[in-house]
Amino acid sequence: MKNKIREKFVASVMILSFAVMGASSVALAQDSPVIRSQQPITSMDINSDTQIQNADSLVNLSLRDADVMQVLRMFADQAGMNIIFAQDVSGKVTMDLVNVTLQKALSLVVTTQKLKYGIQGNTMIITSGDDEDVDMGAGSKDIIIVPVKYVSAASIADFLNKSIFTKKSISPGVSSKPVVTTNPANNELIVMGTREDALMAQKIIDQFDKKPPITNYKVNHVTPAEMAGLICSTLIPSFMSNGEGSTGGAAGVPTGFASDSFGGGGESGGLSIGGGKLLCSVEQKANAEDMASLPFKNMTVSYFPSIGMVQVIGGSPTQLEMIKDYIAANDLKAPQAYLEVQIISLSESGSKSFDNTWQYMSKNISFNASNGIRTASSGGGKYYPIFFAGHGFSEQAKGSSGSSTSKDDTGDISYGQWSGSPQLIWTINYLVENNKGRVLANPRILITNGQQSVIDLTSDYVAKVTSQYLDSTGTGSSQVQKDYDIQNDNGIKVTITPFISPDGYVTLDINPDYSTIAGQLYTDGEVEGQRDLAATLLQRRNLTLKGIRIKDGETLIIGGMIQEVETKNVSKIPFLGDLPFIGMFFRSTGTERSKEEMVIMITPQIIVDTEDAAEITNLDL
């Protein structure tokens, strides 16, 4: 007795534990997260609406290897209809049907036996599935006009002819050959078939001829063109699979103003209504070879810069939701900073010369150690060389308009024999020259995160001049034409691209370019007596700096861009100039030195908007 009570107790405990475990598992199953939401599936019945008489009557049959023609006769008798078989209809059928409607039983048999049936009046026509010569249409054929509202009627017609009205069609009363064409003027379908063909076409139109949604998205902080370009180039490709493609699109990043050209190629084009521009469109194409698709425009993206809006036509609700989330995540205020730039160019040049000039003049000999300088001439323009025969002569200086006589005021040069007493002349010339220059540019600009800014302080200059004769004008005179090649890169140009981080730092890509004219080259031109500027040589000092990190309010100094040139010239009297100590009196020295340095100082100050400042204050509280 005690053992039975013990056994019942143990069994009760086990049953109770199993119940508790079952309830826990149900609770866990209810609380488990949904991994993936199921999208509703839309089904469409494309079978013909043709029905036999007494179609809803029930069939109960159990047959083994029965002749299919006898089975179909039984169905015709139950329907109260006549029946006609084509010549090639044959086969055996085994089936067990319980409480199946007559219409369903007929469809099951003809489908499994690869047969087709049609109805004309009160007569059922049975043919094989490969028989294309027998007309299965119900009644006479007419030309029926079916209007299409929103989509392309040609696309609907192609889909019907290739996917519905085919030789493989087994729907009763529906043609097995293409029977649909279009009227492009009114976007209509022309069905050259039976009433059942028109009803089938109307089914397809009711399913696919729908007004596409038009969704507008407001863009607040970035330009609509930039946002539309990001959607077309980044987001839309994630919608497409193999076989799908897009048309249109934008090359590069447009600015979003009405002057933007379609496609970014510099040529105006594309659709533009009220300042709006079509940027891209998506067209889907099926990969199936034996089936026709509906090549509708799945989606088009436009932007309206005047009202700050991106417009999307078409798209599924899920795709539109993705675009909405994408715009919300990327339509953010770009950080800005106030940038103060100081560009200082320091130049320093100087020269030091020490000249010793010796000259000795007499009737029999003269000596000149003055580097060609005339110090013993009495009366300007006269030279006193040694004459072994003769006493003197004169020549007209180049460009002088005077006569051939010796007149100094007209530029003539006279040569004569020294007639005075012998003279020894020593001249000392010591000169020190210093030049200093300073060029300062202090622009202040507002920079935006990720956007390139350019400070251009350059000037124009003539790089090359070309002269040539024009054809005679018929009056015996000719004209000279000069072509000037003007360049504009003489000066300072600084290119800055910033990245403003939320932690109070500004990272800059800086490219300063500094060019000055170093010299000019001249050549003889085509015009006689004129020299043309052949080339202008520039001296450049350029830097390319990447990722320079500066804290808000601090100053970055870029220096060390120094160019220094020093030259020294020595001229001396042979032998005497090389003597120790006293040689310095027979030597002339000249030293020239030039030094240039460019210094750039950059101070960024991050701009905090009023709204952002309020948010920061609230967080601190």
# chains A, B, ... in the order shown; residues from 1 in each chain; ligands from 1
$ residues_around --residues "Trp426 in chain A" --least-positions-apart "5" --cutoff "9 Å" --atoms "only C-alpha atoms" --output "mmCIF file with N, CA, C and O atoms, in the first residue's frame"
data_model
loop_
_atom_site.group_PDB
_atom_site.id
_atom_site.type_symbol
_atom_site.label_atom_id
_atom_site.label_comp_id
_atom_site.auth_asym_id
_atom_site.auth_seq_id
_atom_site.Cartn_x
_atom_site.Cartn_y
_atom_site.Cartn_z
ATOM 1 N N ASN A 356 89.667 99.141 -56.315
ATOM 2 C CA ASN A 356 90.953 99.829 -56.458
ATOM 3 C C ASN A 356 91.168 100.113 -57.942
ATOM 4 O O ASN A 356 91.281 99.172 -58.733
ATOM 5 N N THR A 357 91.238 101.388 -58.318
ATOM 6 C CA THR A 357 91.375 101.766 -59.729
ATOM 7 C C THR A 357 92.721 102.449 -59.937
ATOM 8 O O THR A 357 93.003 103.469 -59.288
ATOM 9 N N TRP A 358 93.540 101.891 -60.842
ATOM 10 C CA TRP A 358 94.855 102.449 -61.186
ATOM 11 C C TRP A 358 94.860 102.801 -62.660
ATOM 12 O O TRP A 358 94.447 102.016 -63.505
ATOM 13 N N GLN A 359 95.406 104.024 -62.946
ATOM 14 C CA GLN A 359 95.595 104.454 -64.329
ATOM 15 C C GLN A 359 96.872 105.294 -64.437
ATOM 16 O O GLN A 359 97.156 106.111 -63.540
ATOM 17 N N TYR A 360 97.557 105.061 -65.532
ATOM 18 C CA TYR A 360 98.774 105.852 -65.824
ATOM 19 C C TYR A 360 98.655 106.349 -67.263
ATOM 20 O O TYR A 360 98.415 105.559 -68.183
#
$ residues_around --residues "Lys333 in chain A" --least-positions-apart "3" --cutoff "12 Å" --atoms "only C-alpha atoms" --output "ChimeraX atom specification"
/A:219-223,328-330,336,448-449,500,607-609,611-612
$ atom_distance --atom1 "CA of Gly560 in chain A" --atom2 "CA of Gly450 in chain A"
28.0 Å
$ residues_around --residues "range 74-85 of chain A" --least-positions-apart "5" --cutoff "6 Å" --atoms "only C-alpha atoms" --output "list of chain:residue names"
A:Gln53, A:Asn54, A:Asn122, A:Thr123, A:Met124, A:Ile125, A:Ile126
$ write_last_selection --atoms "C-alpha atoms" --output "short mmCIF file (atom, residue, chain, number, x, y, z; two decimals), in the first residue's frame"
data_model
loop_
_atom_site.label_atom_id
_atom_site.label_comp_id
_atom_site.auth_asym_id
_atom_site.auth_seq_id
_atom_site.Cartn_x
_atom_site.Cartn_y
_atom_site.Cartn_z
CA GLN A 53 -22.21 24.12 -65.97
CA ASN A 54 -22.83 22.68 -62.52
CA ASN A 122 -22.90 24.12 -74.48
CA THR A 123 -20.04 22.06 -75.87
CA MET A 124 -16.76 21.17 -74.20
CA ILE A 125 -13.77 20.79 -76.56
CA ILE A 126 -10.84 18.62 -75.43
#
$ closest_atom_pairs --of "range 415-476 of chain A" --to "range 532-543 of chain A" --cutoff "8 Å" --atoms "only C-alpha atoms" --output "Markdown table"
| residue | atom | partner | partner_atom | distance |
| --- | --- | --- | --- | --- |
| A:Val462 | CA | A:Thr536 | CA | 7.7 |
| A:Ala463 | CA | A:Thr536 | CA | 4.9 |
| A:Lys464 | CA | A:Ala535 | CA | 5.3 |
| A:Val465 | CA | A:Leu533 | CA | 5.0 |
| A:Thr466 | CA | A:Asp532 | CA | 6.2 |
| A:Ser467 | CA | A:Asp532 | CA | 7.0 |
$ write_last_selection --atoms "C-alpha atoms" --output "mmCIF file, in the first residue's frame"
data_model
loop_
_atom_site.group_PDB
_atom_site.id
_atom_site.type_symbol
_atom_site.label_atom_id
_atom_site.label_comp_id
_atom_site.auth_asym_id
_atom_site.auth_seq_id
_atom_site.Cartn_x
_atom_site.Cartn_y
_atom_site.Cartn_z
ATOM 1 C CA VAL A 462 52.829 88.914 -69.681
ATOM 2 C CA ALA A 463 54.506 85.559 -70.167
ATOM 3 C CA LYS A 464 55.244 85.833 -73.899
ATOM 4 C CA VAL A 465 54.895 88.343 -76.746
ATOM 5 C CA THR A 466 54.797 87.380 -80.400
ATOM 6 C CA SER A 467 54.825 89.978 -83.197
#
$ select_by_dssp --residues "range 441-492 of chain A" --states "strand (DSSP E)" --output "ChimeraX atom specification"
/A:441,444-448,453-469,480-492
$ select_by_dssp --residues "range 73-123 of chain A" --states "alpha helix (DSSP H)" --output "number ranges by chain"
A: 73-79, 102-112
$ closest_residue --among "A:Val174, A:Leu199, A:Ile119, A:Val89" --to "Val146 in chain A" --atoms "only C-alpha atoms"
A:Leu199
